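query-v4.cif (mmCIF, C-alpha atoms) appears below.
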```cif
data_data
#
loop_
_atom_site.label_atom_id
_atom_site.label_comp_id
_atom_site.auth_asym_id
_atom_site.auth_seq_id
_atom_site.Cartn_x
_atom_site.Cartn_y
_atom_site.Cartn_z
CA MET A 1 8.65 -35.52 -13.03
CA GLU A 2 11.76 -33.79 -11.67
CA GLN A 3 11.37 -33.05 -7.97
CA LYS A 4 11.92 -29.57 -6.59
CA SER A 5 10.99 -28.00 -3.29
CA LEU A 6 9.38 -24.78 -2.18
CA LEU A 7 12.33 -22.97 -0.59
CA GLN A 8 14.64 -24.10 -3.38
CA THR A 9 12.31 -22.61 -6.00
CA LEU A 10 11.73 -19.47 -3.96
CA SER A 11 15.49 -18.96 -3.66
CA SER A 12 15.88 -19.22 -7.44
CA ILE A 13 13.09 -16.68 -8.02
CA ILE A 14 14.60 -14.25 -5.52
CA GLN A 15 17.95 -14.44 -7.32
CA GLU A 16 16.28 -13.80 -10.67
CA LEU A 17 14.40 -10.79 -9.29
CA LYS A 18 17.64 -9.29 -7.99
CA GLU A 19 19.38 -9.86 -11.31
CA ASN A 20 16.48 -8.04 -13.03
CA GLY A 21 16.73 -5.11 -10.62
CA GLN A 22 13.32 -5.85 -9.06
CA TRP A 23 14.57 -5.16 -5.56
CA GLY A 24 11.20 -4.37 -4.00
CA THR A 25 9.63 -7.62 -5.21
CA ALA A 26 12.76 -9.53 -4.20
CA HIS A 27 12.43 -8.05 -0.70
CA VAL A 28 8.82 -9.27 -0.41
CA TYR A 29 9.75 -12.75 -1.66
CA GLN A 30 12.69 -12.87 0.76
CA SER A 31 10.40 -11.97 3.66
CA ALA A 32 8.00 -14.76 2.66
CA TYR A 33 10.96 -17.14 2.35
CA ASN A 34 12.24 -16.22 5.81
CA SER A 35 8.82 -16.65 7.42
CA PHE A 36 8.20 -20.03 5.83
CA ALA A 37 11.70 -21.20 6.76
CA LEU A 38 11.02 -20.30 10.41
CA PHE A 39 7.64 -22.05 10.22
CA SER A 40 9.17 -25.24 8.81
CA CYS A 41 12.25 -25.08 11.09
CA CYS A 42 14.36 -24.60 7.94
CA ARG A 43 13.15 -27.89 6.46
CA ASP A 44 12.37 -27.55 2.78
CA ILE A 45 9.00 -28.86 1.62
CA PRO A 46 8.70 -30.84 -1.64
CA PHE A 47 5.77 -29.70 -3.75
CA LYS A 48 4.13 -33.13 -3.47
CA LYS A 49 3.60 -32.31 0.24
CA PHE A 50 2.24 -28.85 -0.52
CA THR A 51 -1.30 -29.30 0.81
CA PRO A 52 -4.22 -27.14 1.97
CA ALA A 53 -3.57 -28.35 5.53
CA LEU A 54 0.06 -27.20 5.36
CA LEU A 55 -1.00 -23.78 4.06
CA LYS A 56 -3.62 -23.43 6.80
CA ASP A 57 -0.99 -24.30 9.42
CA PHE A 58 1.29 -21.63 7.97
CA GLU A 59 -1.55 -19.09 8.08
CA ILE A 60 -2.24 -19.92 11.74
CA TYR A 61 1.49 -19.63 12.48
CA LEU A 62 1.65 -16.16 10.92
CA ARG A 63 -1.38 -14.95 12.85
CA LYS A 64 0.10 -16.23 16.11
CA ARG A 65 3.15 -14.12 15.32
CA LYS A 66 0.82 -11.07 15.13
CA CYS A 67 1.07 -10.70 11.34
CA SER A 68 -1.77 -8.67 9.86
CA TRP A 69 -4.20 -10.31 7.46
CA ASN A 70 -2.68 -8.27 4.64
CA THR A 71 0.78 -9.61 5.47
CA VAL A 72 -0.64 -13.13 5.52
CA SER A 73 -2.24 -12.48 2.13
CA THR A 74 1.03 -11.15 0.69
CA TYR A 75 2.99 -14.21 1.79
CA MET A 76 0.30 -16.59 0.55
CA LYS A 77 0.29 -14.89 -2.85
CA VAL A 78 4.08 -15.31 -2.99
CA LEU A 79 3.68 -19.03 -2.25
CA ARG A 80 0.89 -19.32 -4.83
CA ALA A 81 3.00 -17.63 -7.52
CA THR A 82 5.91 -19.93 -6.66
CA TYR A 83 3.67 -23.01 -6.78
CA ASN A 84 2.13 -21.92 -10.11
CA ARG A 85 5.60 -21.50 -11.56
CA ALA A 86 6.55 -24.99 -10.37
CA VAL A 87 3.40 -26.36 -12.04
CA ASP A 88 4.17 -24.51 -15.30
CA GLU A 89 7.74 -25.83 -15.32
CA GLY A 90 6.69 -29.39 -14.51
CA TYR A 91 8.06 -29.55 -10.98
CA ALA A 92 4.69 -29.89 -9.25
CA SER A 93 1.32 -31.46 -9.96
CA TYR A 94 -1.64 -29.13 -10.30
CA VAL A 95 -4.03 -29.25 -7.33
CA PRO A 96 -7.30 -27.37 -7.95
CA ARG A 97 -8.23 -24.68 -5.41
CA LEU A 98 -5.15 -25.38 -3.31
CA PHE A 99 -5.24 -21.90 -1.73
CA ARG A 100 -9.03 -21.75 -1.30
CA HIS A 101 -9.05 -21.81 2.52
CA VAL A 102 -6.27 -19.31 3.23
CA GLN A 103 -6.20 -15.52 3.05
CA THR A 104 -5.17 -14.21 -0.37
CA GLY A 105 -7.33 -11.08 -0.58
CA VAL A 106 -6.84 -7.58 0.79
CA SER A 107 -8.43 -6.81 4.12
CA SER A 108 -9.41 -3.35 5.39
CA GLU A 109 -8.62 -4.05 9.02
CA ARG A 110 -8.66 -0.50 10.28
CA LYS A 111 -9.29 2.98 9.05
CA ARG A 112 -6.21 4.71 7.79
CA SER A 113 -7.84 7.93 6.67
CA LEU A 114 -7.69 11.25 8.48
CA GLU A 115 -10.83 13.19 9.28
CA ALA A 116 -11.52 16.04 6.86
CA SER A 117 -10.88 18.60 9.61
CA ASP A 118 -7.49 17.05 10.45
CA MET A 119 -6.45 16.92 6.80
CA GLY A 120 -7.64 20.48 6.33
CA GLY A 121 -5.51 21.59 9.25
CA LEU A 122 -2.47 19.92 7.73
CA MET A 123 -3.12 21.47 4.33
CA ASN A 124 -3.25 25.02 5.73
CA GLY A 125 -0.66 24.45 8.46
CA LYS A 126 -2.95 25.56 11.30
CA GLY A 127 -0.63 28.51 11.81
CA GLU A 128 1.83 26.30 13.72
CA GLU A 129 5.44 27.34 14.27
CA LEU A 130 7.43 24.37 12.95
CA SER A 131 11.11 23.49 12.70
CA ALA A 132 12.68 23.46 9.24
CA GLY A 133 12.61 19.66 9.18
CA MET A 134 8.96 19.48 10.14
CA GLU A 135 8.08 22.22 7.62
CA ARG A 136 9.65 20.07 4.91
CA THR A 137 7.75 16.99 6.10
CA LEU A 138 4.51 18.96 6.02
CA ALA A 139 5.27 20.26 2.52
CA ILE A 140 5.89 16.71 1.24
CA LEU A 141 2.63 15.54 2.81
CA GLN A 142 0.77 18.40 1.15
CA LEU A 143 2.34 17.63 -2.23
CA MET A 144 1.48 13.93 -1.97
CA PHE A 145 -2.14 14.78 -1.20
CA ILE A 146 -2.41 17.31 -4.05
CA LEU A 147 -0.96 14.68 -6.41
CA ARG A 148 -3.97 12.43 -5.71
CA GLY A 149 -2.33 10.63 -2.82
CA ILE A 150 0.71 9.61 -4.89
CA PRO A 151 2.53 6.60 -3.36
CA PHE A 152 5.82 7.55 -1.72
CA VAL A 153 7.70 5.12 -3.96
CA ASP A 154 6.48 6.96 -7.05
CA LEU A 155 7.26 10.33 -5.48
CA ALA A 156 10.81 9.25 -4.63
CA TYR A 157 11.51 8.00 -8.16
CA LEU A 158 9.99 10.97 -10.02
CA ARG A 159 12.42 12.44 -12.52
CA LYS A 160 12.82 16.07 -13.54
CA SER A 161 11.95 15.02 -17.08
CA ASP A 162 8.54 13.80 -15.88
CA ILE A 163 7.40 17.43 -15.69
CA GLN A 164 6.74 19.40 -18.85
CA GLY A 165 5.36 22.85 -18.08
CA ASN A 166 2.52 22.26 -15.64
CA ILE A 167 1.96 18.62 -16.57
CA LEU A 168 3.36 15.68 -14.61
CA ARG A 169 3.42 12.26 -16.27
CA TYR A 170 4.42 9.13 -14.40
CA ARG A 171 3.39 5.49 -14.53
CA ARG A 172 0.93 6.17 -17.37
CA LEU A 173 -0.78 8.82 -15.20
CA THR A 174 -1.11 12.48 -16.15
CA VAL A 175 -1.60 15.15 -13.49
CA ILE A 176 -2.20 18.84 -14.18
CA LEU A 177 -0.09 20.68 -11.63
CA THR A 178 -1.85 23.50 -9.81
CA PRO A 179 0.07 26.66 -8.86
CA GLU A 180 0.15 25.33 -5.29
CA ALA A 181 1.71 22.05 -6.46
CA LEU A 182 4.29 23.85 -8.60
CA LYS A 183 5.26 26.03 -5.65
CA LEU A 184 5.73 23.00 -3.40
CA ILE A 185 7.79 21.23 -6.07
CA ASP A 186 10.00 24.28 -6.47
CA THR A 187 10.54 24.40 -2.70
CA LEU A 188 11.28 20.68 -2.37
CA SER A 189 13.08 19.95 -5.65
CA ASP A 190 16.59 18.54 -5.94
CA LYS A 191 18.72 21.53 -6.95
CA ARG A 192 21.71 19.43 -8.10
CA GLU A 193 21.99 19.73 -11.88
CA GLU A 194 23.57 16.29 -12.18
CA SER A 195 20.66 14.56 -10.41
CA PRO A 196 17.90 13.18 -12.67
CA TYR A 197 15.50 12.94 -9.72
CA LEU A 198 12.88 15.59 -9.07
CA LEU A 199 13.16 15.37 -5.28
CA PRO A 200 16.31 14.72 -3.23
CA PHE A 201 15.49 11.26 -1.85
CA LEU A 202 17.82 9.21 -4.06
CA THR A 203 21.33 9.58 -5.46
CA SER A 204 22.05 6.15 -6.98
CA PRO A 205 21.01 5.06 -10.48
CA GLU A 206 17.40 3.92 -10.80
CA GLY A 207 17.10 0.13 -10.78
CA SER A 208 20.22 -0.39 -8.69
CA GLU A 209 20.19 -2.14 -5.33
CA GLU A 210 21.64 0.95 -3.65
CA ALA A 211 18.81 3.09 -5.01
CA TYR A 212 16.33 0.63 -3.51
CA ARG A 213 18.13 0.77 -0.16
CA GLU A 214 18.12 4.57 -0.29
CA TYR A 215 14.39 4.49 -0.95
CA GLN A 216 13.81 2.15 2.01
CA ARG A 217 15.81 4.45 4.31
CA ALA A 218 13.93 7.50 3.03
CA LEU A 219 10.57 5.77 3.55
CA ARG A 220 11.38 4.78 7.14
CA SER A 221 12.67 8.26 7.92
CA PHE A 222 9.66 9.98 6.36
CA ASN A 223 7.19 7.77 8.23
CA ARG A 224 8.92 8.63 11.51
CA GLN A 225 8.67 12.33 10.64
CA LEU A 226 4.99 11.94 9.70
CA ALA A 227 4.27 10.27 13.03
CA ALA A 228 5.93 13.18 14.84
CA LEU A 229 4.00 15.65 12.70
CA GLY A 230 0.74 13.92 13.56
CA GLU A 231 1.50 14.16 17.27
CA ARG A 232 2.34 17.85 16.87
CA PHE A 233 -0.98 18.56 15.16
CA GLY A 234 -2.90 16.47 17.66
CA GLY A 235 -4.90 14.40 15.19
CA SER A 236 -6.71 11.26 16.34
CA THR A 237 -5.28 9.04 13.57
CA PRO A 238 -1.57 8.18 13.28
CA ILE A 239 -0.08 9.47 10.02
CA SER A 240 1.97 7.44 7.56
CA THR A 241 2.48 7.52 3.80
CA TYR A 242 -0.49 5.15 3.47
CA THR A 243 -2.64 7.59 5.45
CA ILE A 244 -2.21 10.30 2.83
CA ARG A 245 -3.28 8.00 0.00
CA HIS A 246 -6.25 6.59 1.92
CA THR A 247 -7.32 10.10 2.94
CA TRP A 248 -7.38 11.31 -0.67
CA ALA A 249 -9.49 8.32 -1.71
CA THR A 250 -11.86 8.78 1.22
CA MET A 251 -12.32 12.51 0.69
CA ALA A 252 -13.01 11.85 -2.99
CA TYR A 253 -15.62 9.28 -1.99
CA TYR A 254 -17.23 11.71 0.46
CA CYS A 255 -17.40 14.23 -2.40
CA GLU A 256 -19.49 11.61 -4.22
CA ILE A 257 -16.92 11.05 -6.96
CA HIS A 258 -17.60 7.74 -8.71
CA PRO A 259 -15.26 4.91 -7.58
CA GLY A 260 -14.29 4.35 -11.21
CA ILE A 261 -12.91 7.88 -11.46
CA ILE A 262 -11.17 7.52 -8.09
CA SER A 263 -9.62 4.29 -9.35
CA GLU A 264 -8.29 5.95 -12.51
CA ALA A 265 -7.05 8.99 -10.59
CA MET A 266 -5.05 6.79 -8.24
CA GLY A 267 -3.70 4.53 -10.97
CA HIS A 268 -5.26 1.39 -9.52
CA SER A 269 -5.27 -1.74 -11.67
CA SER A 270 -9.00 -2.15 -11.11
CA ILE A 271 -11.94 -0.71 -9.19
CA ALA A 272 -11.67 -3.76 -6.92
CA VAL A 273 -8.42 -2.33 -5.52
CA THR A 274 -10.12 1.00 -4.89
CA GLU A 275 -12.98 -0.77 -3.12
CA THR A 276 -10.54 -2.00 -0.43
CA TYR A 277 -9.72 1.63 0.35
CA LEU A 278 -13.35 2.68 0.52
CA LYS A 279 -15.06 -0.26 2.22
CA PRO A 280 -14.69 0.94 5.86
CA PHE A 281 -16.09 4.34 4.93
CA ARG A 282 -18.91 2.87 2.89
CA ASP A 283 -19.78 0.84 5.99
CA ASP A 284 -19.87 4.09 7.98
CA ARG A 285 -22.31 5.59 5.50
CA ILE A 286 -24.48 2.50 5.60
CA ASP A 287 -24.55 2.66 9.40
CA GLU A 288 -25.44 6.35 9.20
CA ALA A 289 -28.26 5.56 6.75
CA ASN A 290 -29.49 2.86 9.12
CA ARG A 291 -29.62 5.36 11.98
CA GLU A 292 -31.57 7.77 9.78
CA VAL A 293 -34.06 5.05 8.86
CA ILE A 294 -34.57 4.06 12.50
CA SER A 295 -34.94 7.70 13.52
CA TYR A 296 -37.48 8.28 10.76
CA VAL A 297 -39.55 5.23 11.78
CA LYS A 298 -39.53 6.28 15.44
CA LYS A 299 -40.55 9.80 14.45
CA GLN A 300 -43.47 8.49 12.43
CA ALA A 301 -44.49 6.21 15.29
CA ARG A 302 -44.58 9.18 17.68
CA LYS A 303 -46.73 11.10 15.21
CA ASN A 304 -49.18 8.22 14.91
CA SER A 305 -49.42 7.69 18.64
CA GLY A 306 -50.31 11.37 19.11
CA ARG A 307 -53.35 11.21 16.82
#
```
Encoded form using structure tokens:
Amino acid sequence: MEQKSLLQTLSSIIQELKENGQWGTAHVYQSAYNSFALFSCCRDIPFKKFTPALLKDFEIYLRKRKCSWNTVSTYMKVLRATYNRAVDEGYASYVPRLFRHVQTGVSSERKRSLEASDMGGLMNGKGEELSAGMERTLAILQLMFILRGIPFVDLAYLRKSDIQGNILRYRRLTVILTPEALKLIDTLSDKREESPYLLPFLTSPEGSEEAYREYQRALRSFNRQLAALGERFGGSTPISTYTIRHTWATMAYYCEIHPGIISEAMGHSSIAVTETYLKPFRDDRIDEANREVISYVKKQARKNSGR
């Protein structure tokens, strides 16, 4: 069996991803590469030394560096995909359940959703006097929420041709645009005739490295503006692009919409993905039900004692 090593294989995959224009995935793989290289002091690891103990040590290393469990999971999934590729190509021996004892799932570590009252205030503007820049940030937030919590990456890459009349189609999703959504789109839209993009976040051709870099800059800038907007409105939860998506899912859940419909509306690959959004809020409802049960039992006990 030809011998190859982890970082060597990762480097090859990263180069392939870049050549295919998959800049976002390449960025994630590069981050995993950098973290593992720091962990191993830049020593490459042959796949024959790729063991559960090594993976657990890497997990502990990441947590000591204050990485979230979701970051740990992302990096572990990158390593698993790289290892599986090495197995498929005959560079590594298959080891059953190699990644069993490390984090590879998605963890809901904290609530990212706004309270209904806070989101309602943002949707109607609370009558605040805002600067032009903050008005635009608020309008984008409102549009993202109305479009079922659309991810910012999808919003940035929307094309003018994705809208036909009052119907928006993107990523196999179809959204009927309300008059409110159409008004926001008209306000925010890229007015340059030569631009194929619906909104003025990008200028470079889709799929190019520069377009990806423009998207990254736009995302960082928008998240900073959202944080400032959140402080201005005085909400208890910090706002980011993820907040908008989580809030839509949570409000839909509170409206007793079935998780399967929420999953389809958000374009998730499975209900399991949607469950990671909803779990903290389901826990809240379970706790609330528990309090109601305890209160009911105590009430009945008081009634019985008074007989």
Spatial neighbours of Phe145 (chain A), max dist 7 Å, only C-alpha atoms, sep filter under 3 positions, as number ranges by chain
A: 141-142, 148-150, 244-245, 248
Pull the neighbourhood of (1.4, -31.6, -7.6) for me: all residues within 8 Å in file coordinates, counting only C-alpha atoms, as a compact mmCIF listing (two decimals) with C-alpha atoms, in the coordinates of the input.
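What ended up in point22.txt:
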```
# COMPACT_ATOMS: atom_id res chain seq x y z
CA PHE A 47 5.77 -29.70 -3.75
CA LYS A 48 4.13 -33.13 -3.47
CA PHE A 50 2.24 -28.85 -0.52
CA VAL A 87 3.40 -26.36 -12.04
CA TYR A 91 8.06 -29.55 -10.98
CA ALA A 92 4.69 -29.89 -9.25
CA SER A 93 1.32 -31.46 -9.96
CA TYR A 94 -1.64 -29.13 -10.30
CA VAL A 95 -4.03 -29.25 -7.33
```
Which neighbours of Trp23 (chain A) fall inside 7 Å, counting all atoms listed in the file, when residues of the same chain fewer than 4 positions from it are skipped, and could you give them as a PyMOL selection string?
chain A and resi 17-18+27+209+212
Using all atoms listed in the file, which residues sit within 12 Å of region 55-69 of chain A once same-chain residues fewer than 5 positions away are excluded, as a ChimeraX atom specification?
/A:32,34-41,45,47,49-50,74-77,79-80,83,97-110
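The coordinates place CA of Gln15 (chain A) at 21.0 Å from CA of Ser204 (chain A).
Rounded to one decimal, CA of Tyr242 (chain A) and CA of Asn223 (chain A) lie 9.4 Å from each other.
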Skip Ala228 (chain A) itself and residues of its chain fewer than 6 positions away, then list as number ranges by chain all residues within 10 Å of it, counting all atoms listed in the file.
A: 134, 137, 222, 234, 238-239
Output the selection as an mmCIF file, keeping the file's coordinate frame - C-alpha atoms for each residue.
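Writing the result to part_21.cif gives the following:
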```cif
data_model
loop_
_atom_site.group_PDB
_atom_site.id
_atom_site.type_symbol
_atom_site.label_atom_id
_atom_site.label_comp_id
_atom_site.auth_asym_id
_atom_site.auth_seq_id
_atom_site.Cartn_x
_atom_site.Cartn_y
_atom_site.Cartn_z
ATOM 1 C CA MET A 134 8.960 19.480 10.140
ATOM 2 C CA THR A 137 7.750 16.990 6.100
ATOM 3 C CA PHE A 222 9.660 9.980 6.360
ATOM 4 C CA GLY A 234 -2.900 16.470 17.660
ATOM 5 C CA PRO A 238 -1.570 8.180 13.280
ATOM 6 C CA ILE A 239 -0.080 9.470 10.020
#
```
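The neighbours of Arg213 (chain A) here are the residues that come within 12 Å of it, using only C-alpha atoms and leaving out any residue fewer than 5 positions away in the same chain; they are Trp23, Gly24, His27, Val153, Phe201, Leu202, Thr203, Ser204, Pro205, Glu206, Gly207, Ser208, Ala218, Leu219 and Arg220 of chain A.
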Measure the distance from CA of Arg112 (chain A) to CA of Arg224 (chain A) in Å and round it to one decimal.
16.1 Å
For the structure provided, state which residues fall under the PyMOL selection byres ((chain A and resi 185) around 12), and present them as number ranges by chain.
A: 136, 139-144, 146-147, 155, 158-160, 163, 166, 168, 177-184, 186-191, 197-200
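Nearest residue to Asp44 (chain A) among A:Glu193, A:Ala156, A:Gly120, A:Lys4 is A:Lys4, counting only C-alpha atoms.
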Start from the incomplete input, build N, CA and C atoms for region 230-249 of chain A, and deliver everything as a CSV table (one decimal), in the frame of the given file.
```
chain,number,residue,atom,x,y,z
A,230,GLY,N,2.1,14.2,13.1
A,230,GLY,CA,0.7,13.9,13.6
A,230,GLY,C,0.6,14.2,15.0
A,231,GLU,N,1.6,13.9,15.8
A,231,GLU,CA,1.5,14.2,17.3
A,231,GLU,C,1.5,15.7,17.5
A,232,ARG,N,2.3,16.4,16.7
A,232,ARG,CA,2.3,17.8,16.9
A,232,ARG,C,1.0,18.5,16.6
A,233,PHE,N,0.3,18.0,15.6
A,233,PHE,CA,-1.0,18.6,15.2
A,233,PHE,C,-2.1,18.0,16.0
A,234,GLY,N,-1.9,17.0,16.8
A,234,GLY,CA,-2.9,16.5,17.7
A,234,GLY,C,-4.0,15.7,17.0
A,235,GLY,N,-3.8,15.2,15.8
A,235,GLY,CA,-4.9,14.4,15.2
A,235,GLY,C,-5.2,13.1,15.9
A,236,SER,N,-6.3,12.5,15.7
A,236,SER,CA,-6.7,11.3,16.3
A,236,SER,C,-6.2,10.0,15.6
A,237,THR,N,-5.8,10.2,14.4
A,237,THR,CA,-5.3,9.0,13.6
A,237,THR,C,-3.8,9.2,13.3
A,238,PRO,N,-3.0,8.1,13.6
A,238,PRO,CA,-1.6,8.2,13.3
A,238,PRO,C,-1.4,8.4,11.8
A,239,ILE,N,-0.3,9.1,11.4
A,239,ILE,CA,-0.1,9.5,10.0
A,239,ILE,C,1.1,8.7,9.5
A,240,SER,N,0.9,8.1,8.3
A,240,SER,CA,2.0,7.4,7.6
A,240,SER,C,1.8,7.8,6.1
A,241,THR,N,2.6,7.3,5.2
A,241,THR,CA,2.5,7.5,3.8
A,241,THR,C,1.2,6.9,3.3
A,242,TYR,N,0.8,5.8,3.9
A,242,TYR,CA,-0.5,5.2,3.5
A,242,TYR,C,-1.7,6.0,3.8
A,243,THR,N,-1.5,6.7,5.0
A,243,THR,CA,-2.6,7.6,5.4
A,243,THR,C,-3.0,8.6,4.4
A,244,ILE,N,-2.0,9.2,3.8
A,244,ILE,CA,-2.2,10.3,2.8
A,244,ILE,C,-3.0,9.8,1.6
A,245,ARG,N,-2.6,8.6,1.2
A,245,ARG,CA,-3.3,8.0,0.0
A,245,ARG,C,-4.7,7.6,0.3
A,246,HIS,N,-4.9,7.0,1.5
A,246,HIS,CA,-6.2,6.6,1.9
A,246,HIS,C,-7.1,7.8,2.1
A,247,THR,N,-6.5,8.9,2.7
A,247,THR,CA,-7.3,10.1,2.9
A,247,THR,C,-7.8,10.7,1.6
A,248,TRP,N,-6.9,10.8,0.6
A,248,TRP,CA,-7.4,11.3,-0.7
A,248,TRP,C,-8.5,10.5,-1.2
A,249,ALA,N,-8.4,9.2,-1.2
A,249,ALA,CA,-9.5,8.3,-1.7
A,249,ALA,C,-10.8,8.5,-0.9
```
